[in-house]
Amino acid sequence: MRRYLYRCPVCRTTSGVRFSPAESTAEGEHHRLQLHAGHYPDGEHVGEIDRQGRWYTDMGPLTALHTRLADTYADLRDPKGIGGCLWAAAFAWVTLAASGLTVLWTTAAA
């Protein structure tokens, strides 16, 4: 399950976790209407986060891939959970390592 946050840079506030982009956008519109008289703050941000609350856009490609795999594995047990799962991170690492070794083995055989 994907998780999203709304971040207002003017108020320096972040919404609670939402589970769809539409919910986060609605949260942003409500915040804008209530506190900013409908004006759009510069630098306003709605984006996807991992289970630990980190923005995917702030991660490097390999870290984002590992985190997305770990989140997907952890969501198999607890789809709306928050926080890291050690077993899911380890399984994501094993998946990436096995994929990399398979690519190396395949290209070396050719």
# chains A, B, ... in the order shown; residues from 1 in each chain; ligands from 1
>>> select_by_dssp(residues="chain A", states="alpha helix (DSSP H)", output="ChimeraX atom specification")
/A:21-35,61-77,86-109
>>> residues_around(residues="Tyr6 of chain A", least_positions_apart="5", cutoff="10 Å", atoms="only C-alpha atoms", output="mmCIF file with C-alpha atoms, in the first residue's frame")
data_model
loop_
_atom_site.group_PDB
_atom_site.id
_atom_site.type_symbol
_atom_site.label_atom_id
_atom_site.label_comp_id
_atom_site.auth_asym_id
_atom_site.auth_seq_id
_atom_site.Cartn_x
_atom_site.Cartn_y
_atom_site.Cartn_z
ATOM 1 C CA THR A 13 3.653 21.458 8.896
ATOM 2 C CA THR A 14 3.197 17.968 7.484
ATOM 3 C CA SER A 15 -0.102 16.119 7.304
ATOM 4 C CA GLY A 16 -0.734 12.684 8.686
ATOM 5 C CA VAL A 17 -0.223 9.648 6.476
ATOM 6 C CA ARG A 18 -2.776 9.223 3.702
ATOM 7 C CA PRO A 21 -2.749 10.917 -3.754
ATOM 8 C CA GLU A 23 -6.543 12.134 0.004
ATOM 9 C CA SER A 24 -3.259 14.058 0.282
ATOM 10 C CA THR A 25 -4.378 16.602 -2.298
ATOM 11 C CA ALA A 26 -7.672 17.076 -0.449
ATOM 12 C CA GLU A 27 -5.715 17.561 2.784
ATOM 13 C CA GLY A 28 -3.625 20.230 1.048
ATOM 14 C CA GLU A 29 -6.691 22.029 -0.290
ATOM 15 C CA HIS A 31 -5.141 23.347 4.751
ATOM 16 C CA GLU A 44 4.159 23.130 -1.433
ATOM 17 C CA HIS A 45 4.697 19.383 -1.787
ATOM 18 C CA VAL A 46 2.552 16.259 -2.002
ATOM 19 C CA GLY A 47 4.470 13.042 -2.505
ATOM 20 C CA GLU A 48 4.894 9.386 -1.778
#
>>> closest_residue(among="A:Leu96, A:Lys80, A:Asp71, A:Cys11", to="Tyr40 of chain A", atoms="only C-alpha atoms")
A:Cys11
>>> closest_residue(among="A:Met1, A:Ala89, A:Ile82, A:Val10", to="Asp42 of chain A", atoms="only C-alpha atoms")
A:Val10
>>> atom_distance(atom1="atom CA of Gly84 of chain A", atom2="atom CA of Met59 of chain A")
16.0 Å
>>> residues_around(residues="Gly53 of chain A", least_positions_apart="3", cutoff="8 Å", atoms="only C-alpha atoms", output="PyMOL selection string")
chain A and resi 49-50+83
>>> write_last_selection(atoms="N, CA, C and O atoms", output="mmCIF file, in the first residue's frame")
data_model
loop_
_atom_site.group_PDB
_atom_site.id
_atom_site.type_symbol
_atom_site.label_atom_id
_atom_site.label_comp_id
_atom_site.auth_asym_id
_atom_site.auth_seq_id
_atom_site.Cartn_x
_atom_site.Cartn_y
_atom_site.Cartn_z
ATOM 1 N N ILE A 49 5.741 8.497 0.304
ATOM 2 C CA ILE A 49 6.734 8.226 1.337
ATOM 3 C C ILE A 49 6.844 6.728 1.559
ATOM 4 O O ILE A 49 5.973 5.966 1.151
ATOM 5 N N ASP A 50 7.918 6.318 2.221
ATOM 6 C CA ASP A 50 8.063 4.907 2.574
ATOM 7 C C ASP A 50 7.430 4.667 3.946
ATOM 8 O O ASP A 50 6.834 5.562 4.538
ATOM 9 N N GLY A 83 6.533 2.093 9.861
ATOM 10 C CA GLY A 83 7.740 1.661 10.553
ATOM 11 C C GLY A 83 8.460 0.589 9.763
ATOM 12 O O GLY A 83 7.890 -0.060 8.889
#
>>> select_by_dssp(residues="segment 4-99 of chain A", states="strand (DSSP E)", output="JSON, numbers by chain")
{"A": [4, 5, 6, 7, 8, 13, 14, 45, 46, 47, 48, 49]}
>>> atom_distance(atom1="atom CA of Leu33 of chain A", atom2="atom CA of Tyr4 of chain A")
20.0 Å
>>> closest_residue(among="A:Thr57, A:Thr95, A:Gln52, A:Gln34", to="Tyr73 of chain A", atoms="only C-alpha atoms")
A:Thr95
>>> residues_around(residues="Leu76 of chain A", least_positions_apart="5", cutoff="12 Å", atoms="only C-alpha atoms", output="short mmCIF file (atom, residue, chain, number, x, y, z; two decimals) with C-alpha atoms, in the first residue's frame")
data_model
loop_
_atom_site.label_atom_id
_atom_site.label_comp_id
_atom_site.auth_asym_id
_atom_site.auth_seq_id
_atom_site.Cartn_x
_atom_site.Cartn_y
_atom_site.Cartn_z
CA MET A 1 0.00 0.00 0.00
CA LEU A 69 10.88 -3.69 -2.29
CA ALA A 70 11.11 -3.73 1.50
CA ASP A 71 7.84 -1.80 1.79
CA GLY A 81 1.47 -0.34 8.88
CA CYS A 85 10.55 -4.30 9.27
CA TRP A 87 12.89 -9.15 7.81
CA ALA A 88 11.45 -7.20 4.85
#
>>> residues_around(residues="Gly43 of chain A", least_positions_apart="6", cutoff="10 Å", atoms="only C-alpha atoms", output="ChimeraX atom specification")
/A:7-10
>>> write_last_selection(atoms="C-alpha atoms", output="PDB file, in the first residue's frame")
ATOM      1  CA  ARG A   7       3.936  19.302   3.274  1.00  0.00           C
ATOM      2  CA  CYS A   8       3.376  23.077   3.613  1.00  0.00           C
ATOM      3  CA  PRO A   9       6.695  24.962   3.627  1.00  0.00           C
ATOM      4  CA  VAL A  10       5.133  28.184   4.948  1.00  0.00           C
TER       5      VAL A  10
END
